[in-house]
>>> print(open('start32.cif').read())   # mmCIF, C-alpha atoms and all ligand atoms
data_entry
loop_
_atom_site.label_atom_id
_atom_site.label_comp_id
_atom_site.auth_asym_id
_atom_site.auth_seq_id
_atom_site.Cartn_x
_atom_site.Cartn_y
_atom_site.Cartn_z
CA MET J 1 32.85 93.68 134.63
CA LYS J 2 34.47 95.33 131.62
CA SER J 3 34.94 99.05 132.07
CA ASN J 4 33.54 101.45 129.48
CA PRO J 5 35.84 102.70 126.73
CA ILE J 6 37.08 106.28 126.90
CA TYR J 7 36.05 108.72 124.17
CA GLU J 8 37.13 112.19 123.05
CA ILE J 9 34.61 114.86 122.02
CA TYR J 10 35.24 117.45 119.30
CA ALA J 11 33.24 120.56 118.40
CA LEU J 12 33.20 121.52 114.71
CA LYS J 13 31.96 125.02 113.91
CA TYR J 14 30.29 125.15 110.51
CA ALA J 15 28.75 128.66 110.56
CA GLY J 16 28.82 131.90 112.50
CA PRO J 17 29.32 133.87 114.59
CA PHE J 18 25.83 135.39 114.55
CA THR J 19 24.73 138.22 116.80
CA SER J 20 21.35 138.27 118.49
CA SER J 21 19.65 139.79 121.49
CA MET J 22 20.91 138.16 124.68
CA ALA J 23 17.30 137.71 125.82
CA PHE J 24 16.66 135.41 122.87
CA VAL J 25 19.38 133.03 124.07
CA LEU J 26 18.83 133.51 127.83
CA TRP J 27 15.12 133.66 128.68
CA ASN J 28 14.19 137.37 128.88
CA GLU J 29 17.60 138.45 130.22
CA GLY J 30 18.90 141.58 128.49
CA TRP J 31 16.76 142.60 125.50
CA ASP J 32 19.11 145.58 125.10
CA ARG J 33 22.29 143.48 125.11
CA GLN J 34 23.89 141.42 122.35
CA ILE J 35 25.35 137.94 122.36
CA GLU J 36 27.21 135.91 119.74
CA ARG J 37 26.60 132.30 118.88
CA ASN J 38 28.03 129.72 116.47
CA TYR J 39 26.56 126.70 114.72
CA TYR J 40 28.22 123.34 115.39
CA VAL J 41 28.23 119.64 114.82
CA TRP J 42 30.05 117.36 117.27
CA ALA J 43 32.13 114.24 116.78
CA ILE J 44 32.91 111.50 119.30
CA LYS J 45 36.13 109.59 118.75
CA GLY J 46 36.50 106.03 119.96
CA SER J 47 38.87 103.19 119.13
CA GLU J 48 36.32 101.77 116.65
CA GLY J 49 35.75 104.98 114.70
CA TRP J 50 33.52 108.02 114.95
CA THR J 51 30.02 108.90 116.11
CA ILE J 52 28.62 112.16 114.73
CA VAL J 53 26.18 114.27 116.70
CA ASP J 54 23.92 116.36 114.45
CA THR J 55 24.25 117.09 110.76
CA GLY J 56 24.29 120.90 110.67
CA THR J 57 22.45 122.82 107.97
CA GLY J 58 22.05 121.65 104.38
CA VAL J 59 23.68 123.62 101.55
CA SER J 60 20.45 124.95 100.06
CA MET J 61 18.99 126.06 103.39
CA ALA J 62 22.30 127.70 104.33
CA SER J 63 22.17 129.86 101.20
CA GLN J 64 18.45 130.53 101.67
CA ARG J 65 19.14 131.79 105.19
CA GLN J 66 22.42 133.42 104.13
CA LEU J 67 24.36 131.80 106.97
CA SER J 68 27.59 133.72 107.38
CA ARG J 69 30.84 131.74 107.09
CA TYR J 70 28.95 128.56 106.28
CA VAL J 71 31.02 125.51 105.35
CA ASN J 72 29.36 122.22 104.39
CA PRO J 73 29.56 120.13 107.63
CA VAL J 74 30.63 117.07 105.62
CA GLU J 75 33.75 119.03 104.54
CA ILE J 76 34.60 120.04 108.09
CA LEU J 77 34.23 116.45 109.25
CA ALA J 78 36.61 115.45 106.43
CA ARG J 79 39.25 117.81 107.90
CA MET J 80 39.31 115.40 110.85
CA GLY J 81 39.53 112.34 108.63
CA ILE J 82 35.87 111.56 109.36
CA ASN J 83 34.30 110.01 106.28
CA GLY J 84 32.09 107.25 104.92
CA ASP J 85 34.58 104.56 106.00
CA ASN J 86 34.70 105.29 109.72
CA VAL J 87 31.23 106.46 110.79
CA SER J 88 28.63 103.93 111.91
CA THR J 89 26.43 106.18 114.04
CA VAL J 90 24.85 109.61 113.52
CA ILE J 91 22.72 111.02 116.34
CA LEU J 92 20.12 113.71 115.62
CA THR J 93 19.55 115.70 118.80
CA HIS J 94 16.45 117.42 117.38
CA ILE J 95 14.84 118.37 114.10
CA HIS J 96 15.62 122.08 113.81
CA PHE J 97 17.19 123.26 110.54
CA ASP J 98 20.58 124.04 112.09
CA HIS J 99 20.93 120.55 113.62
CA ALA J 100 19.11 118.20 111.26
CA GLY J 101 19.17 120.02 107.90
CA GLY J 102 22.37 118.30 106.72
CA ILE J 103 20.50 114.98 106.74
CA GLU J 104 19.78 115.61 103.06
CA MET J 105 23.43 114.72 102.30
CA PHE J 106 24.47 112.51 105.23
CA PRO J 107 22.99 109.13 104.20
CA ASP J 108 25.07 109.24 100.98
CA ALA J 109 28.16 110.75 102.59
CA PHE J 110 28.14 108.14 105.37
CA PRO J 111 26.73 104.99 103.76
CA LYS J 112 27.44 102.71 106.75
CA ALA J 113 25.79 104.99 109.29
CA LYS J 114 22.57 104.45 111.19
CA PHE J 115 20.64 107.55 112.26
CA TYR J 116 19.24 107.82 115.80
CA VAL J 117 16.27 110.03 116.61
CA GLN J 118 13.77 110.07 119.49
CA ARG J 119 10.26 108.80 118.79
CA LYS J 120 8.62 111.93 120.25
CA GLU J 121 10.77 114.16 118.06
CA PHE J 122 10.16 112.09 114.92
CA ASP J 123 6.41 111.84 115.51
CA PHE J 124 6.08 115.56 116.14
CA TRP J 125 8.02 116.89 113.16
CA ILE J 126 7.06 114.23 110.66
CA ASN J 127 3.45 113.52 111.65
CA SER J 128 1.95 116.26 113.82
CA PRO J 129 -0.13 119.01 112.22
CA PHE J 130 1.23 121.40 114.90
CA ALA J 131 4.70 121.13 113.34
CA LYS J 132 3.29 123.00 110.34
CA ARG J 133 2.13 125.94 112.48
CA LYS J 134 4.09 129.19 112.27
CA PRO J 135 6.27 129.11 115.44
CA CYS J 136 7.41 125.56 114.65
CA GLN J 137 7.73 125.98 110.90
CA ALA J 138 10.22 128.82 111.33
CA ARG J 139 12.76 126.54 113.02
CA THR J 140 12.64 123.48 110.82
CA ASP J 141 13.51 122.51 107.26
CA MET J 142 11.12 120.82 104.82
CA GLU J 143 13.99 119.12 102.96
CA ALA J 144 15.35 117.71 106.21
CA LYS J 145 11.91 116.42 107.19
CA ARG J 146 11.53 114.79 103.79
CA ALA J 147 14.98 113.18 104.09
CA ILE J 148 14.28 111.85 107.59
CA GLY J 149 10.81 110.67 106.55
CA ALA J 150 12.39 108.83 103.62
CA LEU J 151 14.53 106.77 106.03
CA LYS J 152 11.44 105.57 107.90
CA GLY J 153 11.03 101.81 107.72
CA THR J 154 14.62 101.25 106.57
CA ASP J 155 17.33 99.75 108.78
CA ARG J 156 19.19 103.07 108.62
CA LEU J 157 16.76 104.88 110.92
CA VAL J 158 16.68 103.89 114.60
CA ILE J 159 13.76 105.42 116.47
CA VAL J 160 14.48 105.49 120.20
CA ASN J 161 11.97 105.70 123.01
CA GLY J 162 13.63 107.53 125.93
CA ASP J 163 17.09 106.91 127.37
CA ARG J 164 19.18 104.25 125.68
CA LYS J 165 22.81 103.07 125.68
CA ILE J 166 23.67 102.74 122.00
CA ILE J 167 27.32 101.66 122.29
CA PRO J 168 29.40 100.99 125.42
CA GLY J 169 30.06 104.35 127.09
CA VAL J 170 27.64 106.34 124.90
CA GLU J 171 24.05 106.87 126.06
CA LEU J 172 21.19 108.90 124.62
CA LEU J 173 19.33 110.93 127.25
CA LEU J 174 15.90 112.33 126.44
CA ALA J 175 15.85 116.01 127.53
CA PRO J 176 12.75 117.79 126.21
CA GLY J 177 11.85 121.45 126.64
CA HIS J 178 13.47 123.19 123.69
CA THR J 179 11.66 120.67 121.48
CA VAL J 180 9.26 117.86 122.42
CA GLY J 181 11.81 115.08 122.00
CA LEU J 182 15.28 116.61 122.11
CA GLN J 183 17.94 114.08 123.04
CA THR J 184 21.40 114.67 124.47
CA VAL J 185 24.40 112.35 124.44
CA ALA J 186 26.22 111.21 127.61
CA VAL J 187 29.77 110.12 126.82
CA ASN J 188 32.37 108.36 128.96
CA THR J 189 35.56 110.46 128.79
CA ALA J 190 38.91 110.70 130.57
CA ARG J 191 37.30 113.32 132.86
CA GLY J 192 34.17 111.31 133.59
CA THR J 193 30.71 111.57 132.08
CA ALA J 194 30.39 114.49 129.66
CA ILE J 195 27.14 115.43 127.92
CA ILE J 196 26.68 116.87 124.46
CA ALA J 197 23.52 118.76 125.35
CA SER J 198 22.88 120.51 122.04
CA ASP J 199 20.05 123.07 122.36
CA CYS J 200 19.03 121.94 125.82
CA ALA J 201 20.94 125.20 126.25
CA HIS J 202 22.29 127.66 123.72
CA VAL J 203 25.13 128.75 126.02
CA ALA J 204 26.94 127.21 129.02
CA ARG J 205 25.57 129.89 131.38
CA SER J 206 22.14 128.31 131.05
CA PHE J 207 23.13 125.20 133.02
CA LYS J 208 24.79 127.27 135.74
CA GLU J 209 22.04 129.88 136.08
CA ASP J 210 19.03 127.67 135.28
CA ILE J 211 17.91 129.80 132.30
CA PRO J 212 16.65 128.19 129.10
CA SER J 213 16.42 130.11 125.82
CA CYS J 214 13.35 131.77 124.32
CA LEU J 215 12.91 128.91 121.83
CA ILE J 216 10.74 126.87 124.09
CA MET J 217 8.06 124.21 123.89
CA ASP J 218 7.79 123.18 127.55
CA MET J 219 9.32 125.28 130.35
CA VAL J 220 8.74 122.83 133.22
CA GLY J 221 9.92 119.93 131.09
CA TRP J 222 13.02 121.93 130.26
CA LEU J 223 13.88 122.59 133.93
CA VAL J 224 13.40 118.88 134.68
CA SER J 225 15.87 118.19 131.84
CA TYR J 226 18.39 120.56 133.49
CA ASP J 227 18.12 118.61 136.74
CA LYS J 228 18.60 115.37 134.85
CA LEU J 229 21.70 116.49 132.94
CA ARG J 230 23.32 118.14 135.96
CA GLY J 231 22.69 114.93 137.88
CA ARG J 232 24.34 112.77 135.24
CA ALA J 233 27.40 114.80 134.19
CA SER J 234 30.57 114.41 136.30
CA SER J 235 30.91 118.21 136.34
CA ILE J 236 28.75 121.09 135.14
CA ASP J 237 31.68 122.13 132.93
CA LEU J 238 31.30 118.86 131.06
CA ILE J 239 27.79 119.73 129.79
CA PHE J 240 28.29 121.22 126.33
CA PRO J 241 25.58 123.54 124.97
CA GLY J 242 24.40 124.02 121.40
CA HIS J 243 25.74 127.39 120.32
CA ASP J 244 28.27 128.82 122.81
CA THR J 245 31.18 130.61 121.07
CA GLY J 246 33.37 129.46 123.99
CA MET J 247 33.46 125.96 122.51
CA LEU J 248 35.61 127.39 119.73
CA THR J 249 37.71 129.85 121.75
CA ASP J 250 38.26 128.16 125.12
CA TYR J 251 39.44 124.68 124.12
CA PRO J 252 42.51 123.29 122.32
CA LYS J 253 42.33 123.91 118.57
CA VAL J 254 42.81 120.77 116.51
CA THR J 255 42.39 122.21 113.02
CA GLU J 256 40.56 125.15 111.47
CA ASP J 257 37.19 125.61 113.29
CA VAL J 258 37.62 122.39 115.29
CA THR J 259 38.40 122.08 119.01
CA ARG J 260 38.74 119.16 121.41
CA LEU J 261 36.27 119.64 124.27
CA VAL J 262 37.44 116.66 126.33
ZN ZN N 301 17.21 124.03 118.24
#
>>> encode(input="start32.cif", output="structure tokens", more="lines below")
Ligand SMILES: [Zn+2]
Amino acid sequence: MKSNPIYEIYALKYAGPFTSSMAFVLWNEGWDRQIERNYYVWAIKGSEGWTIVDTGTGVSMASQRQLSRYVNPVEILARMGINGDNVSTVILTHIHFDHAGGIEMFPDAFPKAKFYVQRKEFDFWINSPFAKRKPCQARTDMEAKRAIGALKGTDRLVIVNGDRKIIPGVELLLAPGHTVGLQTVAVNTARGTAIIASDCAHVARSFKEDIPSCLIMDMVGWLVSYDKLRGRASSIDLIFPGHDTGMLTDYPKVTEDVTRLV
């Protein structure tokens, strides 16, 4: 049997740091304490090119929300030589503004790429009336939803139902809780299976201490997702969260605002 290829994973910070109450990021722990977080996209490097995980925030939404130190994610990817020629896959972990908003520019910036999203996530944000209700509306982006909806029915949008290996050594793992159909990405690396978990946790502590964030759709589902990811990763230190500032400070710097996680 052919062994899986080995990949490297990079974190690219495109905005932040932002300060919020610790209890917002770690379920009800420390309303009187502060914590910092960054906004990221991730890139997986293989011998055949790049896979991008998430699209960051779009330019208009970033100015609307006045995101501090925002840089267009497409420009940060370009710092790594990641461009329309060498990207065939873009994975959307979930349809919150800070992860999916950049979709308004990605189909043009990466013309060969197919976009992967979970069916539950797509159906909820694009079709469900509940997605228009206040607690959901605050986290999403109408432009992003329009852009994703516009890909429906084209060969550029791949709607996935549950776990699926999309290329050798890269597997999508459904991990709901934070949203109804959040997906994470298990990647074969030199250190074993690593997981880009996105907002399945905002910070690495969550996986170690079993504490989700306050942005929650299903608590039990979320804890089941923690068991699943901890069971699949070769080490708990290889599960990378969505917003931990440590991803920028505790790993080798490759270029401005970019680190190699593994
Ligand atoms: Zn989120």
>>> closest_atom_pairs(input="start32.cif", of="chain J", to="ligand ZN 301 (chain N)", cutoff="8 Å", atoms="only C-alpha atoms and all ligand atoms", output="JSON lines")
{"residue": "J:His94", "atom": "CA", "partner": "N:ZN301", "partner_atom": "ZN", "distance": 6.7}
{"residue": "J:Ile95", "atom": "CA", "partner": "N:ZN301", "partner_atom": "ZN", "distance": 7.4}
{"residue": "J:His96", "atom": "CA", "partner": "N:ZN301", "partner_atom": "ZN", "distance": 5.1}
{"residue": "J:Phe97", "atom": "CA", "partner": "N:ZN301", "partner_atom": "ZN", "distance": 7.7}
{"residue": "J:Asp98", "atom": "CA", "partner": "N:ZN301", "partner_atom": "ZN", "distance": 7.0}
{"residue": "J:His99", "atom": "CA", "partner": "N:ZN301", "partner_atom": "ZN", "distance": 6.9}
{"residue": "J:Arg139", "atom": "CA", "partner": "N:ZN301", "partner_atom": "ZN", "distance": 7.3}
{"residue": "J:His178", "atom": "CA", "partner": "N:ZN301", "partner_atom": "ZN", "distance": 6.7}
{"residue": "J:Thr179", "atom": "CA", "partner": "N:ZN301", "partner_atom": "ZN", "distance": 7.3}
{"residue": "J:Ser198", "atom": "CA", "partner": "N:ZN301", "partner_atom": "ZN", "distance": 7.7}
{"residue": "J:Asp199", "atom": "CA", "partner": "N:ZN301", "partner_atom": "ZN", "distance": 5.1}
{"residue": "J:Leu215", "atom": "CA", "partner": "N:ZN301", "partner_atom": "ZN", "distance": 7.4}
{"residue": "J:Gly242", "atom": "CA", "partner": "N:ZN301", "partner_atom": "ZN", "distance": 7.9}
>>> atom_distance(input="start32.cif", atom1="atom CA of Thr55 of chain J", atom2="atom CA of Ala23 of chain J")
26.5 Å
>>> residues_around(input="start32.cif", residues="Ser206 of chain J", least_positions_apart="4", cutoff="9 Å", atoms="only C-alpha atoms", output="ChimeraX atom specification")
/J:25-26,200-202,210-213,226,241
>>> residues_around(input="start32.cif", residues="segment 56-63 of chain J", least_positions_apart="3", cutoff="10 Å", atoms="all atoms listed in the file", output="PyMOL selection string")
chain J and resi 12-15+39-42+53+66-74+92+96-106+141-144
>>> write_last_selection(input="start32.cif", atoms="C-alpha atoms", output="PDB file, in the frame of the given file")
ATOM      1  CA  LEU J  12      33.200 121.520 114.710  1.00  0.00           C
ATOM      2  CA  LYS J  13      31.960 125.020 113.910  1.00  0.00           C
ATOM      3  CA  TYR J  14      30.290 125.150 110.510  1.00  0.00           C
ATOM      4  CA  ALA J  15      28.750 128.660 110.560  1.00  0.00           C
ATOM      5  CA  TYR J  39      26.560 126.700 114.720  1.00  0.00           C
ATOM      6  CA  TYR J  40      28.220 123.340 115.390  1.00  0.00           C
ATOM      7  CA  VAL J  41      28.230 119.640 114.820  1.00  0.00           C
ATOM      8  CA  TRP J  42      30.050 117.360 117.270  1.00  0.00           C
ATOM      9  CA  VAL J  53      26.180 114.270 116.700  1.00  0.00           C
ATOM     10  CA  GLN J  66      22.420 133.420 104.130  1.00  0.00           C
ATOM     11  CA  LEU J  67      24.360 131.800 106.970  1.00  0.00           C
ATOM     12  CA  SER J  68      27.590 133.720 107.380  1.00  0.00           C
ATOM     13  CA  ARG J  69      30.840 131.740 107.090  1.00  0.00           C
ATOM     14  CA  TYR J  70      28.950 128.560 106.280  1.00  0.00           C
ATOM     15  CA  VAL J  71      31.020 125.510 105.350  1.00  0.00           C
ATOM     16  CA  ASN J  72      29.360 122.220 104.390  1.00  0.00           C
ATOM     17  CA  PRO J  73      29.560 120.130 107.630  1.00  0.00           C
ATOM     18  CA  VAL J  74      30.630 117.070 105.620  1.00  0.00           C
ATOM     19  CA  LEU J  92      20.120 113.710 115.620  1.00  0.00           C
ATOM     20  CA  HIS J  96      15.620 122.080 113.810  1.00  0.00           C
ATOM     21  CA  PHE J  97      17.190 123.260 110.540  1.00  0.00           C
ATOM     22  CA  ASP J  98      20.580 124.040 112.090  1.00  0.00           C
ATOM     23  CA  HIS J  99      20.930 120.550 113.620  1.00  0.00           C
ATOM     24  CA  ALA J 100      19.110 118.200 111.260  1.00  0.00           C
ATOM     25  CA  GLY J 101      19.170 120.020 107.900  1.00  0.00           C
ATOM     26  CA  GLY J 102      22.370 118.300 106.720  1.00  0.00           C
ATOM     27  CA  ILE J 103      20.500 114.980 106.740  1.00  0.00           C
ATOM     28  CA  GLU J 104      19.780 115.610 103.060  1.00  0.00           C
ATOM     29  CA  MET J 105      23.430 114.720 102.300  1.00  0.00           C
ATOM     30  CA  PHE J 106      24.470 112.510 105.230  1.00  0.00           C
ATOM     31  CA  ASP J 141      13.510 122.510 107.260  1.00  0.00           C
ATOM     32  CA  MET J 142      11.120 120.820 104.820  1.00  0.00           C
ATOM     33  CA  GLU J 143      13.990 119.120 102.960  1.00  0.00           C
ATOM     34  CA  ALA J 144      15.350 117.710 106.210  1.00  0.00           C
TER      35      ALA J 144
END
>>> residues_around(input="start32.cif", residues="Ser21 of chain J", least_positions_apart="4", cutoff="9 Å", atoms="all atoms listed in the file", output="list in words")
Val25, Leu26, Gly30, Trp31, Asp32, Arg33, Gln34, Ile35 and Glu36 of chain J
>>> closest_atom_pairs(input="start32.cif", of="segment 45-154 of chain J", to="segment 158-173 of chain J", cutoff="10 Å", atoms="all atoms listed in the file", output="tab-separated table")
residue	atom	partner	partner_atom	distance
J:Gly46	CA	J:Gly169	CA	9.8
J:Thr51	CA	J:Val170	CA	9.5
J:Thr89	CA	J:Ile166	CA	9.1
J:Ile91	CA	J:Leu172	CA	8.7
J:Thr93	CA	J:Leu172	CA	9.1
J:Lys114	CA	J:Val158	CA	6.8
J:Phe115	CA	J:Val158	CA	5.9
J:Tyr116	CA	J:Val158	CA	4.8
J:Val117	CA	J:Ile159	CA	5.3
J:Gln118	CA	J:Val160	CA	4.7
J:Arg119	CA	J:Ile159	CA	5.4
J:Lys120	CA	J:Asn161	CA	7.6
J:Glu121	CA	J:Ile159	CA	9.4
J:Phe122	CA	J:Ile159	CA	7.7
J:Asp123	CA	J:Ile159	CA	9.8
J:Leu151	CA	J:Val158	CA	9.3
J:Lys152	CA	J:Val158	CA	8.7
J:Gly153	CA	J:Val158	CA	9.1
J:Thr154	CA	J:Val158	CA	8.7
>>> closest_residue(input="start32.cif", among="J:Lys145, J:Arg79, J:Arg191, J:Arg205", to="Asp244 of chain J", atoms="only C-alpha atoms")
J:Arg205
>>> atom_distance(input="start32.cif", atom1="atom CA of Ala194 of chain J", atom2="atom CA of Leu238 of chain J")
4.7 Å
>>> residues_near_point(input="start32.cif", point="(40.7, 101.1, 115.1)", cutoff="12 Å", atoms="all atoms listed in the file", output="MDAnalysis selection string")
chainID J and resid 45:50 85:87
>>> closest_residue(input="start32.cif", among="J:Ala43, J:Val90, J:Ala233, J:Cys136", to="Asn188 of chain J", atoms="all atoms listed in the file")
J:Ala233
>>> atom_distance(input="start32.cif", atom1="atom CA of Pro135 of chain J", atom2="atom CA of Asp227 of chain J")
26.5 Å
>>> closest_residue(input="start32.cif", among="J:Ile239, J:Ala150, J:Leu77, J:Asn4", to="Val258 of chain J", atoms="only C-alpha atoms")
J:Leu77
>>> closest_residue(input="start32.cif", among="J:Gly81, J:Gly246, J:Gly231, J:Gly221", to="Asn38 of chain J", atoms="only C-alpha atoms")
J:Gly246
>>> closest_residue(input="start32.cif", among="J:Ala204, J:Met22, J:Met217, J:Leu248", to="Arg230 of chain J", atoms="all atoms listed in the file")
J:Ala204
